[in-house]
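What follows is a set of notes on a single structure, which appears directly below.
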Amino acid sequence: MKLSKCLVLNSLLSAVGVMTELVQLFAIYGAVEEYRVLDDYPVEQFTEVYLIKFQKLQSARIAKRKLDERSFFGGLLHVWYAPEFETVQDTGEKLQDRRKFIARRSSSEPGFVWRPPIEILTKAILA
């Protein structure tokens, strides 16, 4: 699943040490659970990379949509989802939320039929 509560962002920044301002900017869209500079992330020279992890997936979705390609301290922010920084628990919560969404959607739309992936059917038959 491509969506994630974790966002990675980089920018060719004219100012160094803007983490506080970045966190304040992203916190407008929801509670930030974790943030840090990603020193080992492969980037071009004079580029800083940051990780912002939200408590809720919806907050990350809105922040990405609103802040990607936005001007910030004289540079452009580039924001993308980073599921590689999620924990197993984060991924489980994301899948559980998706199941709830599908259940709500299927009960509200007449004619909508959810068909489980073949892997689920295979496991059920073999069990």
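Residues in the structure tokens are named by chain (A, B, ... in the order shown) and by number from 1 within that chain; ligands are numbered from 1 in the order shown.
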Which of stretch 5-121 of chain A DSSP labels alpha helix (DSSP H), written as a PyMOL selection string: chain A and resi 19-27+57-67+88-108+118-121
Can you pull out every residue within 9 Å of A:Leu51, counting only C-alpha atoms, but drop anything in the same chain fewer than 5 positions away, and send it as a CSV table (one decimal) with C-alpha atoms, in the first residue's frame?
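Here's the written file part-v5.csv:
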chain,number,residue,atom,x,y,z
A,6,CYS,CA,5.3,8.7,7.3
A,7,LEU,CA,6.3,11.5,4.9
A,8,VAL,CA,9.8,12.2,3.7
A,9,LEU,CA,10.5,15.7,2.4
A,34,GLU,CA,7.9,11.7,15.2
A,35,TYR,CA,10.2,13.8,13.3
A,36,ARG,CA,13.9,13.8,12.5
A,37,VAL,CA,16.6,14.7,10.0
A,38,LEU,CA,17.6,11.8,7.7
A,82,ALA,CA,7.6,6.7,3.0
A,85,PHE,CA,9.7,3.9,7.8
Point-to-point distance in Å for atom CA of A:Phe26 and atom CA of A:Ser71: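 Atom CA of A:Ser71 sits 13.6 Å away from atom CA of A:Phe26.
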Long-range neighbours of A:Lys56 as a PyMOL selection string, 12 Å cut-off, only C-alpha atoms, 5 positions minimum in chain: chain A and resi 3-7+27+29-34+61-63+90-91+93-94+97
Could you please take those selected residues and save all heavy atoms as a compact mmCIF listing (two decimals), in the first residue's frame?
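selection_11.txt was written with the following content:
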# COMPACT_ATOMS: atom_id res chain seq x y z
N LEU A 3 0.17 4.58 0.42
CA LEU A 3 -0.08 5.61 1.41
C LEU A 3 0.63 5.27 2.71
O LEU A 3 0.83 4.10 3.03
CB LEU A 3 -1.57 5.74 1.68
CG LEU A 3 -2.44 6.22 0.52
CD1 LEU A 3 -3.90 6.23 0.93
CD2 LEU A 3 -2.02 7.59 0.07
N SER A 4 0.97 6.30 3.48
CA SER A 4 1.68 6.08 4.72
C SER A 4 1.48 7.26 5.66
O SER A 4 1.26 8.38 5.21
CB SER A 4 3.18 5.91 4.43
OG SER A 4 3.91 5.81 5.61
N LYS A 5 1.60 6.98 6.97
CA LYS A 5 1.60 8.06 7.96
C LYS A 5 2.94 8.77 7.97
O LYS A 5 3.08 9.82 8.56
CB LYS A 5 1.34 7.50 9.36
CG LYS A 5 -0.01 6.88 9.54
CD LYS A 5 -0.35 6.59 10.99
CE LYS A 5 0.60 5.70 11.72
NZ LYS A 5 0.17 5.37 13.09
N CYS A 6 3.93 8.16 7.32
CA CYS A 6 5.29 8.72 7.27
C CYS A 6 5.49 9.48 5.97
O CYS A 6 5.18 8.98 4.89
CB CYS A 6 6.32 7.60 7.37
SG CYS A 6 6.24 6.65 8.89
N LEU A 7 6.01 10.68 6.09
CA LEU A 7 6.34 11.48 4.92
C LEU A 7 7.82 11.81 4.96
O LEU A 7 8.38 12.08 6.03
CB LEU A 7 5.55 12.79 4.92
CG LEU A 7 4.03 12.70 4.85
CD1 LEU A 7 3.42 14.10 4.97
CD2 LEU A 7 3.58 12.03 3.57
N ALA A 27 2.39 20.35 11.50
CA ALA A 27 1.46 20.14 12.61
C ALA A 27 0.12 20.83 12.37
O ALA A 27 -0.88 20.49 13.02
CB ALA A 27 2.07 20.60 13.92
N TYR A 29 -1.71 20.24 10.00
CA TYR A 29 -2.56 19.23 9.38
C TYR A 29 -2.82 18.02 10.26
O TYR A 29 -3.56 17.13 9.87
CB TYR A 29 -1.93 18.80 8.04
CG TYR A 29 -1.76 19.99 7.14
CD1 TYR A 29 -0.51 20.60 7.01
CD2 TYR A 29 -2.84 20.55 6.48
CE1 TYR A 29 -0.36 21.72 6.21
CE2 TYR A 29 -2.69 21.68 5.69
CZ TYR A 29 -1.45 22.26 5.57
OH TYR A 29 -1.31 23.38 4.78
N GLY A 30 -2.23 17.99 11.46
CA GLY A 30 -2.49 16.89 12.38
C GLY A 30 -1.34 16.70 13.35
O GLY A 30 -0.27 17.29 13.19
N ALA A 31 -1.58 15.84 14.33
CA ALA A 31 -0.57 15.59 15.37
C ALA A 31 0.63 14.85 14.79
O ALA A 31 0.47 13.81 14.16
CB ALA A 31 -1.19 14.79 16.51
N VAL A 32 1.81 15.39 15.02
CA VAL A 32 3.05 14.78 14.55
C VAL A 32 3.56 13.86 15.66
O VAL A 32 3.78 14.28 16.78
CB VAL A 32 4.10 15.85 14.19
CG1 VAL A 32 5.43 15.22 13.84
CG2 VAL A 32 3.59 16.71 13.04
N GLU A 33 3.75 12.60 15.31
CA GLU A 33 4.20 11.59 16.27
C GLU A 33 5.73 11.56 16.38
O GLU A 33 6.28 11.34 17.45
CB GLU A 33 3.69 10.22 15.80
CG GLU A 33 3.98 9.08 16.71
CD GLU A 33 3.35 7.81 16.19
OE1 GLU A 33 2.13 7.81 15.92
OE2 GLU A 33 4.08 6.81 16.04
N GLU A 34 6.40 11.77 15.26
CA GLU A 34 7.86 11.68 15.24
C GLU A 34 8.39 12.54 14.11
O GLU A 34 7.73 12.72 13.09
CB GLU A 34 8.27 10.22 14.99
CG GLU A 34 9.75 9.97 14.85
CD GLU A 34 10.08 8.53 14.45
OE1 GLU A 34 9.19 7.66 14.47
OE2 GLU A 34 11.24 8.31 14.10
N ARG A 61 -2.00 12.42 4.48
CA ARG A 61 -2.54 12.61 3.12
C ARG A 61 -2.78 14.09 2.83
O ARG A 61 -2.42 14.60 1.77
CB ARG A 61 -3.84 11.83 2.95
CG ARG A 61 -3.65 10.32 2.94
CD ARG A 61 -4.95 9.61 2.82
NE ARG A 61 -5.51 9.85 1.49
CZ ARG A 61 -6.77 9.63 1.16
NH1 ARG A 61 -7.62 9.16 2.04
NH2 ARG A 61 -7.19 9.86 -0.06
N ILE A 62 -3.39 14.78 3.79
CA ILE A 62 -3.70 16.20 3.59
C ILE A 62 -2.42 17.02 3.54
O ILE A 62 -2.26 17.89 2.67
CB ILE A 62 -4.65 16.71 4.70
CG1 ILE A 62 -6.01 16.01 4.58
CG2 ILE A 62 -4.81 18.22 4.63
CD1 ILE A 62 -6.92 16.22 5.78
N ALA A 63 -1.50 16.75 4.46
CA ALA A 63 -0.24 17.50 4.49
C ALA A 63 0.53 17.33 3.19
O ALA A 63 1.06 18.29 2.64
CB ALA A 63 0.61 17.04 5.67
N ASP A 90 2.04 -0.09 12.53
CA ASP A 90 1.48 0.96 11.65
C ASP A 90 0.82 0.34 10.43
O ASP A 90 -0.28 0.73 10.03
CB ASP A 90 2.58 1.92 11.18
CG ASP A 90 3.15 2.78 12.27
OD1 ASP A 90 2.45 3.02 13.27
OD2 ASP A 90 4.31 3.21 12.13
N THR A 91 1.50 -0.62 9.82
CA THR A 91 0.96 -1.27 8.62
C THR A 91 -0.31 -2.04 8.95
O THR A 91 -1.28 -2.00 8.19
CB THR A 91 2.02 -2.21 8.00
OG1 THR A 91 3.20 -1.45 7.74
CG2 THR A 91 1.52 -2.82 6.71
N GLU A 93 -2.46 -1.36 11.36
CA GLU A 93 -3.52 -0.37 11.57
C GLU A 93 -4.04 0.16 10.24
O GLU A 93 -5.24 0.36 10.06
CB GLU A 93 -3.00 0.79 12.42
CG GLU A 93 -2.76 0.43 13.86
CD GLU A 93 -2.06 1.55 14.63
OE1 GLU A 93 -1.82 2.64 14.07
OE2 GLU A 93 -1.74 1.32 15.81
N LYS A 94 -3.13 0.38 9.31
CA LYS A 94 -3.52 0.89 7.98
C LYS A 94 -4.42 -0.12 7.27
O LYS A 94 -5.44 0.25 6.68
CB LYS A 94 -2.25 1.18 7.18
CG LYS A 94 -2.48 1.77 5.84
CD LYS A 94 -1.21 2.30 5.20
CE LYS A 94 -0.15 1.27 5.03
NZ LYS A 94 1.02 1.76 4.27
N ASP A 97 -7.86 -0.20 8.97
CA ASP A 97 -8.66 0.96 8.56
C ASP A 97 -9.22 0.76 7.16
O ASP A 97 -10.36 1.14 6.88
CB ASP A 97 -7.82 2.25 8.59
CG ASP A 97 -7.50 2.72 9.99
OD1 ASP A 97 -8.15 2.23 10.95
OD2 ASP A 97 -6.59 3.56 10.13
Atom CA of A:Gln58 to atom CA of A:Leu77, distance in Å rounded to a single decimal: 19.6 Å
Point-to-point distance in Å for atom CA of A:Ile28 and atom CA of A:Ser59: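 Atom CA of A:Ile28 lies 9.1 Å from atom CA of A:Ser59.
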Nearest candidate to A:Val18 (options A:Gly75, A:Pro83, A:Pro42, A:Gly92; using only C-alpha atoms): A:Gly75
Test item, strand (DSSP E or B) assignment across stretch 44-110 of chain A, answer as a ChimeraX atom specification: /A:48-54,71-72,75-76,78-81
